[in-house]
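Here is the structure we will look at.
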Amino acid sequence: MPRTTFPDVTRFEDVLLDYHRRADKMHWSPYDLVEDDRMREIARPERLNEYQVGAVKTVLFVEDHLPGYLSEYLRIMTDPTMPDDQQIASRKVLHFTFRWVAEEDRHAHVLEMYLEKSGLVKPAELQEEMLRERKTAYMFPYDHDNKMVEGFIYLALQEKATHLYYRALARDIEEPLLKTVLTKMGADEASHGAFFYDMLIESHHGNLDALARKVSAVAQDFKMPVQQNLQNYRRQLLGMMRAAPSYKHTDVLADMMKAIDRAAQQYSRDSLHLISPDLAPFGG
Ligand SMILES: [Fe+2]
Ligand SMILES: [Fe+2]
């Protein structure tokens, strides 16, 4: 059986284009967001409790696994033993990957700058903690047996989980500058989630029931991002949940299922149009 990395790339070229446009327009810089004047005038770090500071550090450690997972993706996506068509598809998708990892990198970067500039942590101590957390290897959980679709579903759920978590944490804290930082980060995560949803949905056109079944199977094992890579992850995860009580992990799966359902309704309206072009969808 031939090895594959991606679903047929011609089926989601528009999805790639949408993401590239969106990413280029959504650009923001950590240097603008946490520059010294804004730290002085807007930031109120003393309003964060111990759990909230802990949660920001955990989010930073998770985001800071980027160098590890980037090398994993590059290893998979530049594998010269792949069939030619897969290598061509991988190169197209790398335009996405490079934008995506740049966005993840600015999440780690902005939180590192925020924690240091706010005086919440000492720079040398933070660097030591980050180094310790980064040392645990990141392994992509689905790089075997042609399980790439499951891998993309897992990524879609992770992106949605980070989107919903950052939104909840922004809502549950009283620190205005950190609220802004988390809202920017959350918007990026929403855009990443939308890319994986759209890519999976487009490549399962006509077969969305199968996609929904795979999503529920992957969701059984789904955890918060790179949770198993963190030191004392149970304690860190508990801290994250205490810091943002309005986050509901079950909303992650529900959100993805809703997107598939919406697409199914959309597609059935499309096919109705094809069969009988005069028949407009009811109410539409
Ligand atoms: Fe991120
Ligand atoms: Fe993301």
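So you can find residues: chains in the structure tokens are A, B, ... in the order shown, residues in each start at 1, and ligands are numbered from 1 in order.
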
Sort by chain and increasing residue number a table of all residues of chain A within 12 Å of ligand 1, each with its closest pair of atoms and their distance in Å to one decimal, counting only C-alpha atoms and all ligand atoms, and write it as CSV.
```
residue,atom,partner,partner_atom_place_in_ligand_line,distance
A:Val59,CA,ligand 1,1 (Fe),8.5
A:Leu60,CA,ligand 1,1 (Fe),8.9
A:Phe61,CA,ligand 1,1 (Fe),10.6
A:Val62,CA,ligand 1,1 (Fe),8.2
A:Glu63,CA,ligand 1,1 (Fe),5.5
A:Asp64,CA,ligand 1,1 (Fe),8.9
A:His65,CA,ligand 1,1 (Fe),10.1
A:Leu66,CA,ligand 1,1 (Fe),9.0
A:Arg99,CA,ligand 1,1 (Fe),12.0
A:Trp100,CA,ligand 1,1 (Fe),8.9
A:Val101,CA,ligand 1,1 (Fe),8.5
A:Ala102,CA,ligand 1,1 (Fe),9.6
A:Glu103,CA,ligand 1,1 (Fe),6.8
A:Glu104,CA,ligand 1,1 (Fe),4.3
A:Asp105,CA,ligand 1,1 (Fe),7.4
A:Arg106,CA,ligand 1,1 (Fe),8.0
A:His107,CA,ligand 1,1 (Fe),5.4
A:Ala108,CA,ligand 1,1 (Fe),7.4
A:His109,CA,ligand 1,1 (Fe),10.4
A:Val110,CA,ligand 1,1 (Fe),10.7
A:Leu111,CA,ligand 1,1 (Fe),10.6
A:Leu155,CA,ligand 1,1 (Fe),11.6
A:Gln158,CA,ligand 1,1 (Fe),9.6
A:Glu159,CA,ligand 1,1 (Fe),7.7
A:Lys160,CA,ligand 1,1 (Fe),10.4
A:Ala161,CA,ligand 1,1 (Fe),10.3
A:Thr162,CA,ligand 1,1 (Fe),6.9
A:His163,CA,ligand 1,1 (Fe),8.4
A:Leu164,CA,ligand 1,1 (Fe),11.6
A:Tyr165,CA,ligand 1,1 (Fe),10.8
A:Tyr166,CA,ligand 1,1 (Fe),9.4
A:Val181,CA,ligand 1,1 (Fe),11.7
A:Leu182,CA,ligand 1,1 (Fe),10.0
A:Thr183,CA,ligand 1,1 (Fe),11.6
A:Lys184,CA,ligand 1,1 (Fe),10.2
A:Met185,CA,ligand 1,1 (Fe),6.5
A:Gly186,CA,ligand 1,1 (Fe),7.9
A:Ala187,CA,ligand 1,1 (Fe),9.8
A:Asp188,CA,ligand 1,1 (Fe),7.3
A:Glu189,CA,ligand 1,1 (Fe),6.0
A:Ala190,CA,ligand 1,1 (Fe),9.8
A:Ser191,CA,ligand 1,1 (Fe),10.6
A:His192,CA,ligand 1,1 (Fe),8.9
A:Gly193,CA,ligand 1,1 (Fe),10.7
A:Pro225,CA,ligand 1,1 (Fe),9.7
A:Val226,CA,ligand 1,1 (Fe),11.6
```

key: Sel. of alpha helix (DSSP H) residues, range 22-237 of chain A, as a ChimeraX atom specification   = /A:22-25,30-33,36-41,50-63,66-77,84-117,123-134,148-172,176-203,208-220,233-237

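With distances restricted to only C-alpha atoms and all ligand atoms, A:Leu157 is the closest residue to ligand 2 from A:Asn232, A:Arg262, A:Leu157, A:Val252.
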
Top pick for closest residue to ligand 2, considering A:Ala156, A:Phe98, A:Met39, A:Glu150 and counting only C-alpha atoms and all ligand atoms = A:Ala156

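With distances taken over only C-alpha atoms and all ligand atoms, A:Ala23 is the one residue among A:Ala23, A:Lys179, A:Tyr247, A:Ile88 lying closest to ligand 2.
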